[in-house]
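Here is the structure we will look at, set down as structure tokens.
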Amino acid sequence: MHPTSESQSRYLSLAIACRQLISALRRYQEGGTLDRKFQASLQAFLDALHESSDENNLFGPIPTDSPFTRYEQVMTLKEVIADFKDKEIPRKLSAVLETPRQDVKEPIEFFYTLENRALHHYNSGLLSRDS
Amino acid sequence: MDVKHDAASLYRFVDSVCSSCYRRGGYPAYLESNRCFIDYIYGLGDSTKRYLLSFPEKLARMPASDYNVTRQELWNLRSSWFELHRRLKPASDADTLHVPYPLIRALVSRLHQVPDFKTTRFVVIHTERLNYLQVTASSVETAADNIAGVVGYRRFHKDLGMIGIPYSQSGSLFLNCLLAHEIGHYVFDKKQISTHLAPKLRAALIAAFAGQIVTGGLGPRIANALADWAEEMFCDLFAIQLVGPCFSYAFIEIFDLVNDLDASGVLFPSAAAEDAKFSSSHPAELFRLKQHVSLLESLGWWGEIAASGNLYIRLLSLAKSVPDSDFKIPVAGLQMFETSILAALHTLMRDVITEVKDVTVGLDDGVQDGSAGIGGAGERGGSPFAPASLL
């Protein structure tokens with residue numbers, strides 16, 4: 001297995017997961033409902049976010065098949081959540097799952113930024129020199 | 001904003017990728033799985049191009065405040081196409097004259113004995129590096145499904161995996177037994193073994209690190225390394241279940257691990273010390289061999305092969321007795337927690353073995369049916385190395 005290629009794929013998986021969440025949030029914003037797949041994906045995201053910020057959890061999210069749990073994904077998530085620290089993104093996203101008709105403008109902006117950062121990381125490997 | 005230009009640029013890129021999918025008069029000939037992959041990419045490209053023609057109009061209908069969120073979809077699509085682009089040329093290079101078709105057919109036939117993999121097929125791709133690789137099943141599938149979801153095309157084939165061999169080694173029956181490890185990655189991915197192992201991995205880490213402080217991003221790095229090692233060990237042990245000791249022999253050969261022995265056939269300390277080191281992504285070679293022997297013993301293979309006097313068996317015997325304290329993790333940050341990390345891995349290995357056994361229920365181990373020997377299938381007195389059903 002080629003580690004660089006593997007890391008790149010993990011960044012792309014994160015970007016794709018963000019795009020899917022953005023699409024679902026936009027449908028919700030336009031009056032649609034949240035399907036089960038979206039709810040599971042958002043819950044996986046919230047779990048990873050909680051585990052990566054819990055000071056009593058030494059190891060952060062343990063790698064699973066979720067696109068938010070590998071080292072590269074966790075670090076990217078931490079970078080972006082730090083930029084949004086005043087916007088209470090975890091609380092707003094939890095509210096989307098619990099209460100109907102929430103304002104999702106900021107969550108969409110958050111996932112847009114996370115997707116953007118992940119795509120930057122993915123693409124930064126494309127112009128590297130061959131070792 | 002002139003997004004037409006951006007959409008046209010991606011259109012040209014996708015068009016050029018798809019042009020390499022075109023085959024004149026059925027030449028070159030491909031394995032059915034490779035043809036299926038190439039045809040899928042061609043169809044996905046067609047749908048993408050149609051979607052790109054309509055994209056500027058879609059963007060124009062959006063309120064200005066949504067411009068960037070919508071515009072970034074193009075970059076996401078482009079990156080997903082980059083991921084497929086990386087795999088297309090190696091797949092189209094691997095025509096039937098350049099892949100070990102009979103061996104792959106035999107491996108897949110063995111895999112079909114494993115529950116849930118009765119219809120699995122593999123696209124074979126060529127790698128320029130002298131290594132064997134499994135293209136993470138989910139990475140191609142995720143990229144393809146992402147594009148398909150956006151542009152309105154069918155999803156990627158659920159039973160299609162992808163494995164890579166060095167472009168020059170299509171004729172090497174022996175080394176290509178390493179493909180069994182790559183098939184293991186596909187199985188690991190499809191069966192979501194990392195999700196099964198996660199609670200056990202966490203419990204093993206918590207027990208091994210009791211009372212210790214791990215700061216910053218080191219904790220996730222440790223968890224990630226352990227998860228990667230567990231996956232590699234799963235794949236090694238799965239490969240042995242699939243093809244028997246010939247996997248260990250091929251592993252020893254490709255890494256030239258017999259170099260660890262001195263002229264009298266014992267471990268040469270400075271060479272062996274290097275092969276006792278873990279990297280951040282892979283377990284130490286001697287650790288892997290030690291686990292190989294343990295499984296070969298429990299399957300009954302070891303009794304069949306141990307009497308052979310060849311150097312590979314000699315090395316396996318010696319690897320079996322390497323003390324755990326000899327294994328090192330010279331990776332920055334991880335080194336200071338070496339003892340605890342290895343203790344966690346030691347605990348986790350029991351769960352990895354259980355996962356391998358659970359997944360391969362239904363797959364005969366090949367020992368009882370008369371093993372295949374170097375002198376011919378089932379020949380007693382030869383040097384057995386694989387289940388007869390494989391060859």
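Numbering starts fresh at 1 for the residues of each chain in the structure tokens, the chains themselves are lettered A, B, ... in the order given, and ligands are numbered from 1 as they appear.
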
Distance query stretch 119-125 of chain B at most 6 Å, only C-alpha atoms, self and fewer than 5 positions along chain excluded, as a list in words: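 Skipping anything fewer than 5 positions along the chain leaves Ser33, Asn34, Pro90, Ala91, Ala94, Asp159, Leu160, Gly161, Met162, Ile163 and Gly164 of chain B.
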
Output of the above residues as a PDB file, in the first residue's frame, restricted to N, CA and C atoms:
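Output file again.pdb follows:
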ATOM      1  N   SER B  33     -13.739  -8.264 -15.848  1.00  0.00           N
ATOM      2  CA  SER B  33     -13.832  -7.256 -14.784  1.00  0.00           C
ATOM      3  C   SER B  33     -13.187  -5.932 -15.220  1.00  0.00           C
ATOM      4  N   ASN B  34     -12.028  -6.011 -15.911  1.00  0.00           N
ATOM      5  CA  ASN B  34     -11.383  -4.780 -16.392  1.00  0.00           C
ATOM      6  C   ASN B  34     -12.271  -4.080 -17.432  1.00  0.00           C
ATOM      7  N   PRO B  90      -3.644   2.390 -15.471  1.00  0.00           N
ATOM      8  CA  PRO B  90      -3.130   1.089 -15.029  1.00  0.00           C
ATOM      9  C   PRO B  90      -4.078  -0.057 -15.337  1.00  0.00           C
ATOM     10  N   ALA B  91      -5.393   0.222 -15.362  1.00  0.00           N
ATOM     11  CA  ALA B  91      -6.351  -0.848 -15.679  1.00  0.00           C
ATOM     12  C   ALA B  91      -6.355  -1.138 -17.174  1.00  0.00           C
ATOM     13  N   ALA B  94      -3.444  -3.262 -18.309  1.00  0.00           N
ATOM     14  CA  ALA B  94      -3.448  -4.670 -17.882  1.00  0.00           C
ATOM     15  C   ALA B  94      -4.385  -5.496 -18.760  1.00  0.00           C
ATOM     16  N   ASP B 159     -19.649  -5.409  -6.415  1.00  0.00           N
ATOM     17  CA  ASP B 159     -18.814  -6.605  -6.226  1.00  0.00           C
ATOM     18  C   ASP B 159     -17.493  -6.508  -6.998  1.00  0.00           C
ATOM     19  N   LEU B 160     -17.120  -5.297  -7.363  1.00  0.00           N
ATOM     20  CA  LEU B 160     -15.908  -5.129  -8.175  1.00  0.00           C
ATOM     21  C   LEU B 160     -14.775  -4.540  -7.333  1.00  0.00           C
ATOM     22  N   GLY B 161     -13.735  -5.342  -7.081  1.00  0.00           N
ATOM     23  CA  GLY B 161     -12.563  -4.857  -6.371  1.00  0.00           C
ATOM     24  C   GLY B 161     -11.463  -4.512  -7.346  1.00  0.00           C
ATOM     25  N   MET B 162     -10.349  -4.046  -6.831  1.00  0.00           N
ATOM     26  CA  MET B 162      -9.252  -3.632  -7.703  1.00  0.00           C
ATOM     27  C   MET B 162      -7.931  -4.006  -7.034  1.00  0.00           C
ATOM     28  N   ILE B 163      -7.096  -4.747  -7.745  1.00  0.00           N
ATOM     29  CA  ILE B 163      -5.809  -5.123  -7.167  1.00  0.00           C
ATOM     30  C   ILE B 163      -4.699  -4.818  -8.166  1.00  0.00           C
ATOM     31  N   GLY B 164      -3.520  -4.474  -7.645  1.00  0.00           N
ATOM     32  CA  GLY B 164      -2.421  -4.088  -8.519  1.00  0.00           C
ATOM     33  C   GLY B 164      -1.242  -5.039  -8.430  1.00  0.00           C
TER      34      GLY B 164
END

Neighbours of chain A in chain B at 9 Å, counting only C-alpha atoms, as an NGL selection string: :B and (68-69 or 72-73 or 75-76 or 79-80 or 83 or 131-136 or 138-140 or 142-143 or 146 or 182 or 189 or 192-199 or 201-202 or 205-206 or 213-225 or 227-228 or 281)

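Summary of the local environment: counting only C-alpha atoms, residues at most 12 Å from B:Lys89, other than itself and those fewer than 5 positions away along its chain, are Ser16, Val17, Cys18, Ser19, Ser20, Cys21, Asn34, Phe37, Ile38, Ile41, Phe82, Glu83, Leu84, Ala94, Asp95, Val124, Ile125, His126, Thr127 and Glu128 of chain B.
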
Would you export the selected residues with N, CA and C atoms as a short mmCIF file (atom, residue, chain, number, x, y, z; two decimals), in the first residue's frame, please?
data_model
loop_
_atom_site.label_atom_id
_atom_site.label_comp_id
_atom_site.auth_asym_id
_atom_site.auth_seq_id
_atom_site.Cartn_x
_atom_site.Cartn_y
_atom_site.Cartn_z
N SER B 16 -10.94 13.80 -22.24
CA SER B 16 -9.65 13.17 -22.55
C SER B 16 -9.47 11.87 -21.77
N VAL B 17 -10.00 11.83 -20.55
CA VAL B 17 -9.92 10.58 -19.77
C VAL B 17 -10.73 9.50 -20.49
N CYS B 18 -11.93 9.87 -20.92
CA CYS B 18 -12.82 8.88 -21.54
C CYS B 18 -12.29 8.40 -22.89
N SER B 19 -11.55 9.24 -23.58
CA SER B 19 -11.06 8.82 -24.89
C SER B 19 -10.13 7.61 -24.75
N SER B 20 -9.50 7.47 -23.59
CA SER B 20 -8.61 6.31 -23.41
C SER B 20 -9.42 5.04 -23.12
N CYS B 21 -10.73 5.18 -22.94
CA CYS B 21 -11.58 3.99 -22.72
C CYS B 21 -12.02 3.36 -24.03
N ASN B 34 -12.03 -6.01 -15.91
CA ASN B 34 -11.38 -4.78 -16.39
C ASN B 34 -12.27 -4.08 -17.43
N PHE B 37 -15.05 -2.29 -15.75
CA PHE B 37 -14.59 -1.04 -15.12
C PHE B 37 -14.40 0.05 -16.18
N ILE B 38 -13.73 -0.30 -17.26
CA ILE B 38 -13.44 0.69 -18.31
C ILE B 38 -14.75 1.19 -18.94
N ILE B 41 -16.49 3.60 -16.57
CA ILE B 41 -15.88 4.95 -16.56
C ILE B 41 -16.32 5.72 -17.81
N PHE B 82 -9.99 12.96 -10.71
CA PHE B 82 -8.55 12.70 -10.56
C PHE B 82 -8.34 11.30 -9.98
N GLU B 83 -9.18 10.96 -8.99
CA GLU B 83 -9.04 9.67 -8.32
C GLU B 83 -9.27 8.52 -9.32
N LEU B 84 -10.27 8.68 -10.18
CA LEU B 84 -10.53 7.63 -11.18
C LEU B 84 -9.44 7.62 -12.25
N ALA B 94 -3.44 -3.26 -18.31
CA ALA B 94 -3.45 -4.67 -17.88
C ALA B 94 -4.39 -5.50 -18.76
N ASP B 95 -4.02 -5.65 -20.03
CA ASP B 95 -4.84 -6.49 -20.90
C ASP B 95 -4.51 -7.96 -20.64
N VAL B 124 -7.75 -5.88 -12.50
CA VAL B 124 -6.31 -5.96 -12.23
C VAL B 124 -5.65 -4.74 -12.85
N ILE B 125 -4.82 -4.06 -12.07
CA ILE B 125 -4.12 -2.90 -12.61
C ILE B 125 -2.60 -3.10 -12.48
N HIS B 126 -1.87 -2.41 -13.32
CA HIS B 126 -0.41 -2.48 -13.26
C HIS B 126 0.15 -1.33 -12.43
N THR B 127 1.15 -1.63 -11.61
CA THR B 127 1.81 -0.56 -10.86
C THR B 127 3.24 -0.44 -11.36
N GLU B 128 3.74 0.79 -11.31
CA GLU B 128 5.12 0.98 -11.76
C GLU B 128 6.10 0.62 -10.64
#

One-decimal distance in Å that lies between atom CA of A:Leu14 and atom CA of B:Arg87: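 Separation between atom CA of B:Arg87 and atom CA of A:Leu14: 19.6 Å.
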
Long-range neighbours of stretch 93-96 of chain A as a ChimeraX atom specification, 12 Å cut-off, only C-alpha atoms, 5 positions minimum in chain: /A:21,24-25,28-29,33-34,38-39,41-47,49-50,87-88,101-108,110-111

Could those selected residues go to a file with N, CA and C atoms, as a PDB file, in the first residue's frame?
ATOM      1  N   LEU A  21     -23.252  16.060   2.778  1.00  0.00           N
ATOM      2  CA  LEU A  21     -23.957  16.723   3.883  1.00  0.00           C
ATOM      3  C   LEU A  21     -24.475  18.091   3.437  1.00  0.00           C
ATOM      4  N   ALA A  24     -27.607  17.569   1.374  1.00  0.00           N
ATOM      5  CA  ALA A  24     -28.760  17.222   2.206  1.00  0.00           C
ATOM      6  C   ALA A  24     -29.244  18.439   3.006  1.00  0.00           C
ATOM      7  N   LEU A  25     -28.314  19.224   3.523  1.00  0.00           N
ATOM      8  CA  LEU A  25     -28.710  20.415   4.295  1.00  0.00           C
ATOM      9  C   LEU A  25     -29.415  21.443   3.412  1.00  0.00           C
ATOM     10  N   TYR A  28     -32.902  20.320   2.910  1.00  0.00           N
ATOM     11  CA  TYR A  28     -33.617  20.580   4.171  1.00  0.00           C
ATOM     12  C   TYR A  28     -33.973  22.064   4.274  1.00  0.00           C
ATOM     13  N   GLN A  29     -33.031  22.915   3.871  1.00  0.00           N
ATOM     14  CA  GLN A  29     -33.232  24.367   3.909  1.00  0.00           C
ATOM     15  C   GLN A  29     -34.410  24.780   3.006  1.00  0.00           C
ATOM     16  N   THR A  33     -37.066  16.887   3.828  1.00  0.00           N
ATOM     17  CA  THR A  33     -36.823  16.183   5.095  1.00  0.00           C
ATOM     18  C   THR A  33     -35.415  15.593   5.103  1.00  0.00           C
ATOM     19  N   LEU A  34     -34.991  15.174   6.290  1.00  0.00           N
ATOM     20  CA  LEU A  34     -33.664  14.572   6.420  1.00  0.00           C
ATOM     21  C   LEU A  34     -33.800  13.066   6.347  1.00  0.00           C
ATOM     22  N   PHE A  38     -28.570  10.558   5.780  1.00  0.00           N
ATOM     23  CA  PHE A  38     -28.031  11.843   6.230  1.00  0.00           C
ATOM     24  C   PHE A  38     -27.913  11.855   7.757  1.00  0.00           C
ATOM     25  N   GLN A  39     -28.956  11.374   8.425  1.00  0.00           N
ATOM     26  CA  GLN A  39     -28.935  11.388   9.891  1.00  0.00           C
ATOM     27  C   GLN A  39     -27.768  10.554  10.422  1.00  0.00           C
ATOM     28  N   SER A  41     -24.969   9.844   8.852  1.00  0.00           N
ATOM     29  CA  SER A  41     -23.718  10.510   8.509  1.00  0.00           C
ATOM     30  C   SER A  41     -23.449  11.697   9.440  1.00  0.00           C
ATOM     31  N   LEU A  42     -24.501  12.457   9.715  1.00  0.00           N
ATOM     32  CA  LEU A  42     -24.339  13.610  10.608  1.00  0.00           C
ATOM     33  C   LEU A  42     -24.022  13.143  12.032  1.00  0.00           C
ATOM     34  N   GLN A  43     -24.659  12.054  12.454  1.00  0.00           N
ATOM     35  CA  GLN A  43     -24.374  11.528  13.794  1.00  0.00           C
ATOM     36  C   GLN A  43     -22.921  11.052  13.881  1.00  0.00           C
ATOM     37  N   ALA A  44     -22.443  10.393  12.822  1.00  0.00           N
ATOM     38  CA  ALA A  44     -21.042   9.935  12.805  1.00  0.00           C
ATOM     39  C   ALA A  44     -20.101  11.131  12.893  1.00  0.00           C
ATOM     40  N   PHE A  45     -20.460  12.205  12.196  1.00  0.00           N
ATOM     41  CA  PHE A  45     -19.651  13.420  12.251  1.00  0.00           C
ATOM     42  C   PHE A  45     -19.639  13.995  13.673  1.00  0.00           C
ATOM     43  N   LEU A  46     -20.821  14.067  14.286  1.00  0.00           N
ATOM     44  CA  LEU A  46     -20.908  14.637  15.641  1.00  0.00           C
ATOM     45  C   LEU A  46     -20.146  13.777  16.655  1.00  0.00           C
ATOM     46  N   ASP A  47     -20.220  12.460  16.490  1.00  0.00           N
ATOM     47  CA  ASP A  47     -19.476  11.568  17.393  1.00  0.00           C
ATOM     48  C   ASP A  47     -17.970  11.828  17.269  1.00  0.00           C
ATOM     49  N   LEU A  49     -16.516  14.500  16.210  1.00  0.00           N
ATOM     50  CA  LEU A  49     -16.232  15.838  16.737  1.00  0.00           C
ATOM     51  C   LEU A  49     -16.159  15.810  18.260  1.00  0.00           C
ATOM     52  N   HIS A  50     -17.106  15.113  18.865  1.00  0.00           N
ATOM     53  CA  HIS A  50     -17.134  15.015  20.322  1.00  0.00           C
ATOM     54  C   HIS A  50     -15.883  14.296  20.837  1.00  0.00           C
ATOM     55  N   LYS A  87     -18.998  29.841  16.729  1.00  0.00           N
ATOM     56  CA  LYS A  87     -20.285  29.693  16.020  1.00  0.00           C
ATOM     57  C   LYS A  87     -21.132  28.513  16.495  1.00  0.00           C
ATOM     58  N   GLU A  88     -20.670  27.815  17.517  1.00  0.00           N
ATOM     59  CA  GLU A  88     -21.452  26.720  18.135  1.00  0.00           C
ATOM     60  C   GLU A  88     -21.964  25.703  17.110  1.00  0.00           C
ATOM     61  N   ARG A 101     -36.907  22.177  11.356  1.00  0.00           N
ATOM     62  CA  ARG A 101     -36.804  23.531  10.797  1.00  0.00           C
ATOM     63  C   ARG A 101     -35.820  24.456  11.523  1.00  0.00           C
ATOM     64  N   GLN A 102     -34.597  24.055  11.535  1.00  0.00           N
ATOM     65  CA  GLN A 102     -33.534  24.891  12.081  1.00  0.00           C
ATOM     66  C   GLN A 102     -32.886  25.706  10.957  1.00  0.00           C
ATOM     67  N   ASP A 103     -32.275  26.818  11.334  1.00  0.00           N
ATOM     68  CA  ASP A 103     -31.510  27.594  10.355  1.00  0.00           C
ATOM     69  C   ASP A 103     -30.171  26.870  10.123  1.00  0.00           C
ATOM     70  N   VAL A 104     -29.886  26.487   8.887  1.00  0.00           N
ATOM     71  CA  VAL A 104     -28.676  25.704   8.625  1.00  0.00           C
ATOM     72  C   VAL A 104     -27.646  26.479   7.799  1.00  0.00           C
ATOM     73  N   LYS A 105     -27.780  27.780   7.768  1.00  0.00           N
ATOM     74  CA  LYS A 105     -26.850  28.577   6.961  1.00  0.00           C
ATOM     75  C   LYS A 105     -25.399  28.389   7.453  1.00  0.00           C
ATOM     76  N   GLU A 106     -25.219  28.502   8.756  1.00  0.00           N
ATOM     77  CA  GLU A 106     -23.848  28.356   9.279  1.00  0.00           C
ATOM     78  C   GLU A 106     -23.316  26.923   9.187  1.00  0.00           C
ATOM     79  N   PRO A 107     -24.135  25.901   9.485  1.00  0.00           N
ATOM     80  CA  PRO A 107     -23.641  24.541   9.244  1.00  0.00           C
ATOM     81  C   PRO A 107     -23.214  24.312   7.784  1.00  0.00           C
ATOM     82  N   ILE A 108     -23.960  24.870   6.828  1.00  0.00           N
ATOM     83  CA  ILE A 108     -23.570  24.714   5.419  1.00  0.00           C
ATOM     84  C   ILE A 108     -22.224  25.408   5.177  1.00  0.00           C
ATOM     85  N   PHE A 110     -19.943  25.875   7.363  1.00  0.00           N
ATOM     86  CA  PHE A 110     -18.920  25.060   8.024  1.00  0.00           C
ATOM     87  C   PHE A 110     -18.502  23.893   7.129  1.00  0.00           C
ATOM     88  N   PHE A 111     -19.472  23.149   6.588  1.00  0.00           N
ATOM     89  CA  PHE A 111     -19.118  21.988   5.753  1.00  0.00           C
ATOM     90  C   PHE A 111     -18.469  22.419   4.442  1.00  0.00           C
TER      91      PHE A 111
END

Gap from atom CA of B:Leu88 to atom CA of B:Lys158 - Å, one decimal: 17.8 Å

Spatial neighbours of B:Ser325, 10 Å, only C-alpha atoms, chain gap at least 6 places, as number ranges by chain: B: 276, 338-339, 342

Those in stretch 129-269 of chain B with alpha helix (DSSP H) from DSSP, as number ranges by chain: B: 137-151, 179-190, 193-208, 218-243, 246-254, 269

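Atom to atom, atom CA of B:Asp351 and atom CA of B:Cys235 stand 13.5 Å apart.
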
Nearest candidate to A:Glu51 (options A:Ser124, A:Arg27, A:Lys85, A:Pro90; using only C-alpha atoms): A:Pro90
